[in-house]
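This is coords-v4.pdb (PDB, C-alpha atoms).
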```
MODEL        1
ATOM      1  CA  MET Q 174      -8.260   9.836 -16.197
ATOM      2  CA  GLN Q 175     -11.586   9.588 -14.393
ATOM      3  CA  ARG Q 176     -11.361  10.127 -10.637
ATOM      4  CA  ARG Q 177     -13.564   8.093  -8.332
ATOM      5  CA  TYR Q 178     -13.691   8.537  -4.583
ATOM      6  CA  ASN Q 179     -14.545   6.178  -1.794
ATOM      7  CA  THR Q 180     -16.011   7.213   1.541
ATOM      8  CA  TYR Q 181     -14.304   6.472   4.830
ATOM      9  CA  SER Q 182     -16.889   3.875   5.799
ATOM     10  CA  VAL Q 183     -15.909   1.444   2.991
ATOM     11  CA  ALA Q 184     -19.474   0.182   3.015
ATOM     12  CA  VAL Q 185     -18.897  -2.862   0.834
ATOM     13  CA  ALA Q 186     -16.392  -4.409   3.214
ATOM     14  CA  GLN Q 187     -18.327  -3.537   6.336
ATOM     15  CA  ASN Q 188     -21.643  -4.828   5.010
ATOM     16  CA  ALA Q 189     -20.022  -8.096   3.994
ATOM     17  CA  ALA Q 190     -18.614  -8.517   7.494
ATOM     18  CA  ARG Q 191     -21.969  -7.777   9.129
ATOM     19  CA  LYS Q 192     -23.705 -10.386   7.003
ATOM     20  CA  MET Q 193     -21.222 -12.951   8.272
ATOM     21  CA  ASN Q 194     -22.320 -12.151  11.837
ATOM     22  CA  ASP Q 195     -18.746 -12.558  13.090
ATOM     23  CA  LYS Q 196     -17.896  -9.799  15.567
ATOM     24  CA  LYS Q 197     -14.261 -10.855  15.951
ATOM     25  CA  PHE Q 198     -13.729 -10.669  12.210
ATOM     26  CA  GLN Q 199     -15.552  -7.327  12.079
ATOM     27  CA  ARG Q 200     -13.090  -5.907  14.621
ATOM     28  CA  ARG Q 201     -10.128  -7.161  12.603
ATOM     29  CA  LEU Q 202     -11.594  -5.714   9.439
ATOM     30  CA  GLU Q 203     -12.205  -2.350  11.110
ATOM     31  CA  GLY Q 204      -8.565  -2.370  12.173
ATOM     32  CA  LEU Q 205      -7.478  -2.611   8.545
ATOM     33  CA  ILE Q 206      -9.917   0.070   7.424
ATOM     34  CA  GLU Q 207      -8.826   2.506  10.128
ATOM     35  CA  ASP Q 208      -5.072   1.848   9.897
ATOM     36  CA  ARG Q 209      -3.358   5.089   8.791
ATOM     37  CA  HIS Q 210       0.261   4.167   9.498
ATOM     38  CA  SER Q 211       0.895   0.895   7.661
ATOM     39  CA  GLY Q 212       1.728   0.929   3.969
ATOM     40  CA  ALA Q 213      -0.210  -1.038   1.378
ATOM     41  CA  SER Q 214       2.123  -4.042   1.465
ATOM     42  CA  GLU Q 215       2.040  -4.171   5.246
ATOM     43  CA  LEU Q 216      -1.762  -3.947   5.261
ATOM     44  CA  ALA Q 217      -2.009  -6.721   2.676
ATOM     45  CA  ARG Q 218       0.147  -8.974   4.851
ATOM     46  CA  LEU Q 219      -1.947  -8.079   7.891
ATOM     47  CA  GLY Q 220      -5.025  -8.995   5.852
ATOM     48  CA  LEU Q 221      -3.495 -12.373   5.029
ATOM     49  CA  GLU Q 222      -2.758 -12.932   8.714
ATOM     50  CA  VAL Q 223      -6.423 -12.212   9.437
ATOM     51  CA  ALA Q 224      -7.369 -14.686   6.700
ATOM     52  CA  ALA Q 225      -5.180 -17.343   8.293
ATOM     53  CA  GLN Q 226      -6.763 -16.686  11.691
ATOM     54  CA  CYS Q 227     -10.218 -17.019  10.141
ATOM     55  CA  ALA Q 228      -9.277 -20.385   8.679
ATOM     56  CA  GLN Q 229      -8.042 -21.616  12.040
ATOM     57  CA  SER Q 230     -10.980 -20.373  14.118
ATOM     58  CA  ALA Q 231     -13.982 -20.814  11.801
ATOM     59  CA  GLY Q 232     -16.782 -22.908  13.266
ATOM     60  CA  ALA Q 233     -17.438 -24.799  10.028
ATOM     61  CA  GLN Q 234     -17.944 -28.552  10.313
ATOM     62  CA  LYS Q 235     -17.472 -29.345   6.630
ATOM     63  CA  THR Q 236     -15.004 -28.144   4.030
ATOM     64  CA  ILE Q 237     -17.789 -26.732   1.848
ATOM     65  CA  GLU Q 238     -18.948 -24.580   4.783
ATOM     66  CA  LEU Q 239     -15.380 -23.503   5.508
ATOM     67  CA  ARG Q 240     -14.798 -22.603   1.869
ATOM     68  CA  HIS Q 241     -17.939 -20.463   1.763
ATOM     69  CA  TYR Q 242     -17.070 -18.661   5.004
ATOM     70  CA  LEU Q 243     -13.478 -17.968   3.966
ATOM     71  CA  ALA Q 244     -14.571 -16.756   0.539
ATOM     72  CA  GLU Q 245     -16.779 -14.178   2.272
ATOM     73  CA  CYS Q 246     -13.839 -13.184   4.477
ATOM     74  CA  ALA Q 247     -11.671 -12.725   1.390
ATOM     75  CA  LYS Q 248     -14.337 -10.606  -0.286
ATOM     76  CA  ALA Q 249     -14.634  -8.289   2.701
ATOM     77  CA  LEU Q 250     -10.866  -7.996   3.188
ATOM     78  CA  ALA Q 251     -10.288  -7.272  -0.509
ATOM     79  CA  ALA Q 252     -12.731  -4.356  -0.334
ATOM     80  CA  ALA Q 253     -11.375  -2.899   2.902
ATOM     81  CA  ARG Q 254      -8.879  -0.500   1.282
ATOM     82  CA  PRO Q 255      -9.956   0.067  -2.321
ATOM     83  CA  SER Q 256      -6.994   2.257  -3.280
ATOM     84  CA  MET Q 257      -4.542  -0.527  -2.406
ATOM     85  CA  SER Q 258      -4.421  -3.050  -5.229
ATOM     86  CA  ILE Q 259      -2.089  -5.477  -3.482
ATOM     87  CA  LEU Q 260      -4.733  -6.258  -0.850
ATOM     88  CA  LYS Q 261      -7.283  -7.040  -3.534
ATOM     89  CA  ASN Q 262      -4.806  -9.030  -5.645
ATOM     90  CA  LEU Q 263      -3.518 -11.212  -2.815
ATOM     91  CA  MET Q 264      -7.004 -11.819  -1.460
ATOM     92  CA  GLU Q 265      -8.177 -12.882  -4.917
ATOM     93  CA  GLU Q 266      -5.265 -15.287  -5.167
ATOM     94  CA  TRP Q 267      -6.039 -16.713  -1.743
ATOM     95  CA  LYS Q 268      -9.729 -17.008  -2.581
ATOM     96  CA  GLU Q 269      -8.887 -19.016  -5.716
ATOM     97  CA  SER Q 270      -6.788 -21.421  -3.625
ATOM     98  CA  LEU Q 271      -9.870 -22.254  -1.547
ATOM     99  CA  GLU Q 272     -11.348 -24.142  -4.503
ATOM    100  CA  VAL Q 273      -8.851 -26.985  -4.048
ATOM    101  CA  LEU Q 274      -8.974 -27.424  -0.279
ATOM    102  CA  PRO Q 275      -8.851 -31.037   1.033
ATOM    103  CA  ASP Q 276     -12.144 -32.768   1.827
ATOM    104  CA  ASP Q 277     -11.156 -33.233   5.460
ATOM    105  CA  VAL Q 278     -12.168 -30.010   7.200
ATOM    106  CA  GLU Q 279      -9.240 -29.965   9.645
ATOM    107  CA  GLU Q 280      -6.758 -30.468   6.827
ATOM    108  CA  ALA Q 281      -8.582 -27.761   4.913
ATOM    109  CA  ARG Q 282      -8.124 -25.326   7.801
ATOM    110  CA  VAL Q 283      -4.398 -25.967   7.886
ATOM    111  CA  LYS Q 284      -4.042 -25.680   4.130
ATOM    112  CA  ALA Q 285      -5.994 -22.411   3.912
ATOM    113  CA  ALA Q 286      -3.992 -20.859   6.751
ATOM    114  CA  GLU Q 287      -0.674 -22.028   5.298
ATOM    115  CA  THR Q 288      -1.526 -20.615   1.885
ATOM    116  CA  ALA Q 289      -2.388 -17.212   3.361
ATOM    117  CA  LEU Q 290       0.856 -17.056   5.341
ATOM    118  CA  ASN Q 291       2.886 -18.244   2.342
ATOM    119  CA  LEU Q 292       1.422 -15.418   0.247
ATOM    120  CA  ALA Q 293       2.408 -12.965   2.974
ATOM    121  CA  GLU Q 294       5.955 -14.354   2.957
ATOM    122  CA  GLN Q 295       6.146 -14.067  -0.826
ATOM    123  CA  SER Q 296       5.088 -10.439  -0.528
ATOM    124  CA  THR Q 297       7.797  -9.768   2.042
ATOM    125  CA  ARG Q 298      10.463 -11.308  -0.197
ATOM    126  CA  ALA Q 299       9.265  -9.366  -3.241
ATOM    127  CA  SER Q 300       9.367  -6.094  -1.288
ATOM    128  CA  PHE Q 301      12.915  -6.746  -0.098
ATOM    129  CA  GLU Q 302      14.089  -7.711  -3.577
ATOM    130  CA  ALA Q 303      12.555  -4.543  -5.039
ATOM    131  CA  ALA Q 304      14.341  -2.481  -2.388
ATOM    132  CA  ALA Q 305      17.656  -4.241  -3.024
ATOM    133  CA  LEU Q 306      17.486  -3.589  -6.759
ATOM    134  CA  THR Q 307      16.492   0.022  -6.158
ATOM    135  CA  SER Q 308      19.357   0.625  -3.741
ATOM    136  CA  ALA Q 309      21.776  -0.653  -6.384
ATOM    137  CA  LEU Q 310      20.231   1.780  -8.870
ATOM    138  CA  VAL Q 311      20.682   4.725  -6.485
ATOM    139  CA  GLY Q 312      24.351   4.142  -5.692
ATOM    140  CA  ASN Q 313      26.491   6.041  -3.213
ATOM    141  CA  ASN Q 314      26.455   9.579  -1.830
ATOM    142  CA  LYS Q 315      23.045  10.587  -3.183
ATOM    143  CA  THR Q 316      20.319  12.813  -1.783
ATOM    144  CA  ILE Q 317      16.918  11.131  -2.011
ATOM    145  CA  ILE Q 318      13.616  12.978  -1.789
ATOM    146  CA  THR Q 319      10.547  10.878  -1.039
ATOM    147  CA  HIS Q 320       6.961  11.233   0.166
ATOM    148  CA  SER Q 321       4.793   9.382   2.692
ATOM    149  CA  PHE Q 322       5.907   6.217   4.510
ATOM    150  CA  SER Q 323       6.592   3.146   2.397
ATOM    151  CA  SER Q 324       8.027   0.009   4.005
ATOM    152  CA  THR Q 325       9.790  -0.782   0.721
ATOM    153  CA  VAL Q 326      11.353   2.676   0.431
ATOM    154  CA  LEU Q 327      12.302   2.420   4.102
ATOM    155  CA  GLU Q 328      14.208  -0.752   3.238
ATOM    156  CA  VAL Q 329      15.966   1.128   0.418
ATOM    157  CA  PHE Q 330      17.240   3.627   2.980
ATOM    158  CA  HIS Q 331      18.243   0.821   5.325
ATOM    159  CA  LEU Q 332      20.320  -0.811   2.611
ATOM    160  CA  LEU Q 333      21.961   2.540   1.795
ATOM    161  CA  LYS Q 334      22.552   3.723   5.363
ATOM    162  CA  ASN Q 335      26.331   3.226   5.186
ATOM    163  CA  ARG Q 336      26.705   4.577   1.663
ATOM    164  CA  GLY Q 337      26.621   8.309   2.240
ATOM    165  CA  VAL Q 338      22.968   8.970   1.391
ATOM    166  CA  GLN Q 339      20.928  11.880   2.650
ATOM    167  CA  ALA Q 340      17.154  12.355   2.623
ATOM    168  CA  ILE Q 341      14.575  15.073   2.110
ATOM    169  CA  VAL Q 342      11.335  14.069   3.830
ATOM    170  CA  PRO Q 343       8.040  15.982   3.468
ATOM    171  CA  GLU Q 344       5.689  15.705   6.449
ATOM    172  CA  SER Q 345       2.926  14.024   4.393
ATOM    173  CA  ARG Q 346      -0.175  15.512   5.958
ATOM    174  CA  PRO Q 347      -2.683  15.040   7.441
ATOM    175  CA  LEU Q 348      -1.213  12.470   9.832
ATOM    176  CA  CYS Q 349       2.407  13.293   9.002
ATOM    177  CA  GLU Q 350       3.750   9.799   8.450
ATOM    178  CA  GLY Q 351       6.844  11.515   7.077
ATOM    179  CA  ALA Q 352       7.756  12.130  10.720
ATOM    180  CA  ASP Q 353       7.859   8.359  11.276
ATOM    181  CA  LEU Q 354      10.264   8.013   8.366
ATOM    182  CA  ALA Q 355      12.451  10.879   9.604
ATOM    183  CA  GLU Q 356      12.636   9.250  13.035
ATOM    184  CA  ARG Q 357      13.783   5.944  11.518
ATOM    185  CA  LEU Q 358      16.410   7.714   9.419
ATOM    186  CA  SER Q 359      17.662   9.481  12.523
ATOM    187  CA  GLN Q 360      18.071   6.130  14.268
ATOM    188  CA  TRP Q 361      20.233   4.975  11.360
ATOM    189  CA  ASP Q 362      22.330   8.176  11.354
ATOM    190  CA  ILE Q 363      21.102   9.105   7.875
ATOM    191  CA  PRO Q 364      21.141  12.915   7.546
ATOM    192  CA  ALA Q 365      17.641  14.136   6.693
ATOM    193  CA  THR Q 366      15.825  17.408   6.117
ATOM    194  CA  TYR Q 367      12.192  17.362   7.263
ATOM    195  CA  ILE Q 368       9.973  19.816   5.382
ATOM    196  CA  THR Q 369       6.346  20.782   4.992
ATOM    197  CA  ASP Q 370       4.561  19.406   1.944
ATOM    198  CA  ALA Q 371       4.366  22.976   0.603
ATOM    199  CA  GLN Q 372       8.180  23.142   0.384
ATOM    200  CA  VAL Q 373       8.529  20.230  -2.065
ATOM    201  CA  GLY Q 374       8.850  22.645  -4.981
ATOM    202  CA  LEU Q 375      11.719  24.412  -3.204
ATOM    203  CA  PHE Q 376      13.641  21.312  -2.212
ATOM    204  CA  ALA Q 377      13.274  19.062  -5.278
ATOM    205  CA  ALA Q 378      16.240  20.759  -6.915
ATOM    206  CA  HIS Q 379      18.441  19.734  -3.966
ATOM    207  CA  ALA Q 380      17.827  16.025  -4.594
ATOM    208  CA  ASP Q 381      19.693  13.671  -6.911
ATOM    209  CA  ILE Q 382      16.765  11.283  -7.189
ATOM    210  CA  ALA Q 383      13.134  10.959  -6.063
ATOM    211  CA  ILE Q 384      11.896   7.569  -4.858
ATOM    212  CA  VAL Q 385       8.363   6.821  -3.659
ATOM    213  CA  GLY Q 386       6.324   3.736  -2.989
ATOM    214  CA  ALA Q 387       2.943   2.983  -4.536
ATOM    215  CA  ASP Q 388      -0.403   1.739  -3.334
ATOM    216  CA  THR Q 389      -1.410   0.759  -6.882
ATOM    217  CA  LEU Q 390       0.149   0.712 -10.346
ATOM    218  CA  LEU Q 391      -2.305   1.213 -13.194
ATOM    219  CA  ALA Q 392      -2.264  -0.396 -16.632
ATOM    220  CA  ASP Q 393      -0.607   2.597 -18.286
ATOM    221  CA  GLY Q 394       2.120   2.852 -15.631
ATOM    222  CA  SER Q 395       0.463   5.608 -13.608
ATOM    223  CA  ALA Q 396       0.886   5.263  -9.857
ATOM    224  CA  ILE Q 397      -1.610   5.778  -7.044
ATOM    225  CA  ASN Q 398       0.084   6.847  -3.837
ATOM    226  CA  LYS Q 399      -0.429   9.171  -0.856
ATOM    227  CA  ALA Q 400      -1.735  12.574  -1.880
ATOM    228  CA  GLY Q 401       1.196  14.874  -2.528
ATOM    229  CA  THR Q 402       3.099  12.344  -4.625
ATOM    230  CA  LEU Q 403       1.855  13.980  -7.819
ATOM    231  CA  LEU Q 404       3.175  17.359  -6.654
ATOM    232  CA  LEU Q 405       6.579  15.823  -5.914
ATOM    233  CA  ALA Q 406       6.628  14.193  -9.351
ATOM    234  CA  MET Q 407       5.800  17.521 -11.020
ATOM    235  CA  ALA Q 408       8.501  19.319  -9.039
ATOM    236  CA  ALA Q 409      11.061  16.607  -9.855
ATOM    237  CA  HIS Q 410      10.137  16.798 -13.527
ATOM    238  CA  ALA Q 411      10.573  20.582 -13.533
ATOM    239  CA  GLU Q 412      14.030  20.235 -11.977
ATOM    240  CA  GLU Q 413      15.028  17.264 -14.179
ATOM    241  CA  VAL Q 414      15.378  15.018 -11.134
ATOM    242  CA  PRO Q 415      14.681  11.336 -11.961
ATOM    243  CA  PHE Q 416      11.506  10.058 -10.298
ATOM    244  CA  TYR Q 417      11.198   6.340  -9.508
ATOM    245  CA  VAL Q 418       8.343   4.266  -8.101
ATOM    246  CA  CYS Q 419       9.527   1.331  -5.974
ATOM    247  CA  CYS Q 420       7.088  -1.451  -5.057
ATOM    248  CA  GLU Q 421       6.103  -5.074  -5.562
ATOM    249  CA  SER Q 422       4.810  -6.119  -8.968
ATOM    250  CA  CYS Q 423       1.739  -7.493  -7.151
ATOM    251  CA  LYS Q 424       0.503  -3.903  -6.941
ATOM    252  CA  LEU Q 425      -0.389  -3.903 -10.624
ATOM    253  CA  TRP Q 426      -4.110  -3.189 -10.993
ATOM    254  CA  PRO Q 427      -5.629  -5.930 -13.188
ATOM    255  CA  GLN Q 428      -8.542  -3.883 -14.529
ATOM    256  CA  LYS Q 429      -8.654  -0.979 -16.973
ATOM    257  CA  GLU Q 430     -11.053   0.990 -14.774
ATOM    258  CA  PRO Q 431      -8.958   2.544 -11.949
ATOM    259  CA  PRO Q 432      -9.790   1.828  -8.312
ATOM    260  CA  ALA Q 433     -11.474   4.316  -6.029
ATOM    261  CA  LEU Q 434      -9.407   6.963  -4.290
ATOM    262  CA  GLU Q 435     -10.174   6.718  -0.587
ATOM    263  CA  GLU Q 436     -11.520   9.770   1.218
ATOM    264  CA  MET Q 437     -10.968   9.815   4.966
ATOM    265  CA  SER Q 438     -12.592  11.679   7.824
ATOM    266  CA  PRO Q 439     -12.407  15.498   7.537
ATOM    267  CA  ALA Q 440     -11.700  15.525  11.283
ATOM    268  CA  GLU Q 441      -8.110  14.502  10.515
ATOM    269  CA  LEU Q 442      -7.479  18.015   9.188
ATOM    270  CA  GLY Q 443      -8.334  19.575  12.550
ATOM    271  CA  THR Q 444     -10.616  22.240  11.108
ATOM    272  CA  SER Q 445     -13.485  24.110  12.695
ATOM    273  CA  PRO Q 446     -17.057  23.741  11.362
ATOM    274  CA  TRP Q 447     -17.094  26.921   9.279
ATOM    275  CA  PRO Q 448     -20.530  27.677   7.747
ATOM    276  CA  GLY Q 449     -20.502  27.189   3.992
ATOM    277  CA  VAL Q 450     -17.079  25.491   3.944
ATOM    278  CA  SER Q 451     -16.731  21.834   2.988
ATOM    279  CA  VAL Q 452     -13.595  19.890   3.925
ATOM    280  CA  SER Q 453     -11.996  17.326   1.613
ATOM    281  CA  ASN Q 454      -9.508  14.710   2.814
ATOM    282  CA  ILE Q 455      -8.770  12.520  -0.203
ATOM    283  CA  TYR Q 456      -5.808  10.373   0.778
ATOM    284  CA  PHE Q 457      -4.396   9.386  -2.597
ATOM    285  CA  ASP Q 458      -3.556  10.957  -5.929
ATOM    286  CA  VAL Q 459      -2.559   9.628  -9.345
ATOM    287  CA  THR Q 460       0.875  10.335 -10.813
ATOM    288  CA  PRO Q 461       0.747   9.877 -14.599
ATOM    289  CA  ALA Q 462       3.273   7.635 -16.292
ATOM    290  CA  HIS Q 463       4.930  10.454 -18.226
ATOM    291  CA  LEU Q 464       6.202  11.928 -14.945
ATOM    292  CA  ILE Q 465       7.748   8.619 -13.856
ATOM    293  CA  THR Q 466      11.321   7.850 -14.916
ATOM    294  CA  GLY Q 467      11.036   4.162 -14.087
ATOM    295  CA  TRP Q 468       9.312   1.525 -11.982
ATOM    296  CA  CYS Q 469      11.408  -0.621  -9.638
ATOM    297  CA  THR Q 470      10.008  -4.029  -8.643
ATOM    298  CA  GLU Q 471      11.445  -7.409  -7.712
ATOM    299  CA  ARG Q 472      11.647  -8.113 -11.458
ATOM    300  CA  GLY Q 473      14.086  -5.303 -12.141
ATOM    301  CA  ALA Q 474      15.083  -1.708 -11.514
ATOM    302  CA  PRO Q 475      13.779  -0.361 -13.758
ATOM    303  CA  ASP Q 476      11.200  -3.055 -14.461
ATOM    304  CA  PRO Q 477      10.987  -3.552 -18.252
ATOM    305  CA  GLU Q 478       7.436  -4.929 -18.023
ATOM    306  CA  ILE Q 479       5.854  -1.730 -16.696
ATOM    307  CA  GLY Q 480       5.109   1.331 -18.749
ATOM    308  CA  ASP Q 481       2.888   1.574 -21.792
ATOM    309  CA  ARG Q 482       0.916  -1.625 -21.175
ATOM    310  CA  GLU Q 483      -2.536  -0.544 -22.330
TER     311      GLU Q 483
ENDMDL
END
```

What does this structure look like when you write it as structure tokens?
Amino acid sequence: MQRRYNTYSVAVAQNAARKMNDKKFQRRLEGLIEDRHSGASELARLGLEVAAQCAQSAGAQKTIELRHYLAECAKALAAARPSMSILKNLMEEWKESLEVLPDDVEEARVKAAETALNLAEQSTRASFEAAALTSALVGNNKTIITHSFSSTVLEVFHLLKNRGVQAIVPESRPLCEGADLAERLSQWDIPATYITDAQVGLFAAHADIAIVGADTLLADGSAINKAGTLLLAMAAHAEEVPFYVCCESCKLWPQKEPPALEEMSPAELGTSPWPGVSVSNIYFDVTPAHLITGWCTERGAPDPEIGDRE
């Protein structure tokens, strides 16, 4: 599979925002681009909330002006996090809905905002349903190993908190969002072992099942997720531990060409400027379908529609 990388600046989204000459929207967009703690689904819903705010506050006097402005907003938001397909998919769906806005501009504002918030609510329901189906698949008294911080996987743990589960949680460098997950598990009295990413190969054998989220699902069933997911999948495969991807079906990438893998600021690694040494901070990797036991979405766990779909 061809790898493509995207710089931290996300120039397409930022340039689109600058052309709109809307400083408030630019700040909201920058917030999405710089967010390192929210998962893809959460960021997509935040993007839809921004879209709704744009609809309500736009200075357009006619529906045609409003439609053009909101379409530009959707374009910029969709490009803000290129490794996260759900943001692009939901923004495309919202953009299509703008074509049938009412002629009255005030009614159009309300309709556009309502549609954005309804899409966010649908996403929330789909995430919960995927988690519920996954928790039923896991069962009782299991040790789950995961990676990164996924709101959907977090919900899986929440649903299993009284069913004797334990967790193995890698730190997920560079910003260690695994620590956020470990803290939440502690609050729910779920026993957890917090490890460095380098210990995944040692601890995979101690798990009954591996469950991760996904930022994007590709046409062949491969999954894009936080860097380190591929290593967990390889370790699970070596130890014959089933490896499941749990997410909304809206994360399916509609194109054959894979999205860019985002590269963030090298400063996040806390290195010194060593002469002759370059620093790479690519945030996502691609786990091939043959390492994935099954895909769990709101349509089923495992979802029969995902796999060899090329």

- [ ] Would you mind listing what lies within 12 Å of stretch 233-239 of chain Q as a PyMOL selection string, with all atoms listed in the file counted and same-chain residues fewer than 5 positions away left out?
- [x] chain Q and resi 224+227-228+244-246+268+271-286

- [ ] Have a look at Q:Arg472, Q:Lys429, Q:Arg346, Q:Arg209 and name the one nearest to Q:Asn454; count all atoms listed in the file.
- [x]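 Looking only at the distances to Q:Asn454, the closest residue turns out to be Q:Arg346.
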
Open item on the list: For the PyMOL selection byres ((chain Q and resi 364) around 8), applied here, can you spell out every residue it catches as a ChimeraX atom specification?
Closed with: /Q:338-340,358-359,362-363,365-366

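The result of the PyMOL selection byres ((chain Q and resi 432) around 7) on the shown file is Pro255, Ser256, Glu430, Pro431, Ala433 and Leu434 of chain Q.
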
Set the distance at 9 Å and use all atoms listed in the file: which residues neighbour Q:Cys349 once local chain neighbours fewer than 5 positions away are removed? I'd like the list as a compact mmCIF listing (two decimals) with C-alpha atoms, in the frame of the given file.
```
# COMPACT_ATOMS: atom_id res chain seq x y z
CA SER Q 321 4.79 9.38 2.69
CA PRO Q 343 8.04 15.98 3.47
CA GLU Q 344 5.69 15.70 6.45
```

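Rounded to one decimal, atom CA of Q:Asp388 and atom CA of Q:Phe376 lie 24.1 Å from each other.
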
Open item on the list: Translate the PyMOL selection byres ((chain Q and resi 394) around 7) into a concrete residue list for this structure, as a PyMOL selection string.
Closed with: chain Q and resi 390-393+395-396+462+479-481

- [ ] Kindly indicate which residue among Q:Cys419, Q:Met264, Q:Val450, Q:Ile206 lies nearest to Q:Val326, using only C-alpha atoms for the distances.
- [x]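 Between Q:Cys419, Q:Met264, Q:Val450, Q:Ile206, the residue approaching Q:Val326 most closely is Q:Cys419.
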
Open item on the list: List as an MDAnalysis selection string the residues having at least one atom at most 12 Å from position (2.2, -18.1, 0.7) as given in the file, counting only C-alpha atoms.
Closed with: chainID Q and resid 218 221:222 224:225 263:264 266:267 270 284:299

Generate the coordinates of N, CA, C and O atoms for stretch 253-265 of chain Q; report them as a PDB file, in the coordinates of the input.
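Printed below is rebuild-v2.pdb as written:
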```
ATOM      1  N   ALA Q 253     -11.601  -3.758   1.743  1.00  0.00           N
ATOM      2  CA  ALA Q 253     -11.375  -2.899   2.902  1.00  0.00           C
ATOM      3  C   ALA Q 253     -10.633  -1.616   2.568  1.00  0.00           C
ATOM      4  O   ALA Q 253     -10.916  -0.563   3.136  1.00  0.00           O
ATOM      5  N   ARG Q 254      -9.653  -1.679   1.660  1.00  0.00           N
ATOM      6  CA  ARG Q 254      -8.879  -0.500   1.282  1.00  0.00           C
ATOM      7  C   ARG Q 254      -8.802  -0.432  -0.242  1.00  0.00           C
ATOM      8  O   ARG Q 254      -7.863  -0.923  -0.855  1.00  0.00           O
ATOM      9  N   PRO Q 255      -9.809   0.144  -0.868  1.00  0.00           N
ATOM     10  CA  PRO Q 255      -9.956   0.067  -2.321  1.00  0.00           C
ATOM     11  C   PRO Q 255      -8.847   0.731  -3.125  1.00  0.00           C
ATOM     12  O   PRO Q 255      -8.681   0.423  -4.299  1.00  0.00           O
ATOM     13  N   SER Q 256      -8.082   1.631  -2.536  1.00  0.00           N
ATOM     14  CA  SER Q 256      -6.994   2.257  -3.280  1.00  0.00           C
ATOM     15  C   SER Q 256      -5.726   1.408  -3.299  1.00  0.00           C
ATOM     16  O   SER Q 256      -4.758   1.762  -3.967  1.00  0.00           O
ATOM     17  N   MET Q 257      -5.737   0.303  -2.556  1.00  0.00           N
ATOM     18  CA  MET Q 257      -4.542  -0.527  -2.406  1.00  0.00           C
ATOM     19  C   MET Q 257      -4.728  -1.841  -3.157  1.00  0.00           C
ATOM     20  O   MET Q 257      -5.326  -2.795  -2.661  1.00  0.00           O
ATOM     21  N   SER Q 258      -4.188  -1.901  -4.356  1.00  0.00           N
ATOM     22  CA  SER Q 258      -4.421  -3.050  -5.229  1.00  0.00           C
ATOM     23  C   SER Q 258      -3.836  -4.339  -4.688  1.00  0.00           C
ATOM     24  O   SER Q 258      -4.372  -5.420  -4.933  1.00  0.00           O
ATOM     25  N   ILE Q 259      -2.741  -4.260  -3.943  1.00  0.00           N
ATOM     26  CA  ILE Q 259      -2.089  -5.477  -3.482  1.00  0.00           C
ATOM     27  C   ILE Q 259      -2.999  -6.257  -2.536  1.00  0.00           C
ATOM     28  O   ILE Q 259      -2.990  -7.491  -2.540  1.00  0.00           O
ATOM     29  N   LEU Q 260      -3.802  -5.566  -1.750  1.00  0.00           N
ATOM     30  CA  LEU Q 260      -4.733  -6.258  -0.850  1.00  0.00           C
ATOM     31  C   LEU Q 260      -5.765  -7.020  -1.667  1.00  0.00           C
ATOM     32  O   LEU Q 260      -6.035  -8.201  -1.399  1.00  0.00           O
ATOM     33  N   LYS Q 261      -6.312  -6.377  -2.671  1.00  0.00           N
ATOM     34  CA  LYS Q 261      -7.283  -7.040  -3.534  1.00  0.00           C
ATOM     35  C   LYS Q 261      -6.643  -8.213  -4.283  1.00  0.00           C
ATOM     36  O   LYS Q 261      -7.202  -9.310  -4.341  1.00  0.00           O
ATOM     37  N   ASN Q 262      -5.453  -7.996  -4.841  1.00  0.00           N
ATOM     38  CA  ASN Q 262      -4.806  -9.030  -5.645  1.00  0.00           C
ATOM     39  C   ASN Q 262      -4.466 -10.273  -4.824  1.00  0.00           C
ATOM     40  O   ASN Q 262      -4.700 -11.405  -5.263  1.00  0.00           O
ATOM     41  N   LEU Q 263      -3.903 -10.066  -3.641  1.00  0.00           N
ATOM     42  CA  LEU Q 263      -3.518 -11.212  -2.815  1.00  0.00           C
ATOM     43  C   LEU Q 263      -4.744 -11.930  -2.256  1.00  0.00           C
ATOM     44  O   LEU Q 263      -4.740 -13.161  -2.131  1.00  0.00           O
ATOM     45  N   MET Q 264      -5.786 -11.173  -1.941  1.00  0.00           N
ATOM     46  CA  MET Q 264      -7.004 -11.819  -1.460  1.00  0.00           C
ATOM     47  C   MET Q 264      -7.677 -12.626  -2.572  1.00  0.00           C
ATOM     48  O   MET Q 264      -8.216 -13.708  -2.324  1.00  0.00           O
ATOM     49  N   GLU Q 265      -7.630 -12.115  -3.786  1.00  0.00           N
ATOM     50  CA  GLU Q 265      -8.177 -12.882  -4.917  1.00  0.00           C
ATOM     51  C   GLU Q 265      -7.396 -14.165  -5.129  1.00  0.00           C
ATOM     52  O   GLU Q 265      -7.973 -15.224  -5.407  1.00  0.00           O
TER      53      GLU Q 265
END
```
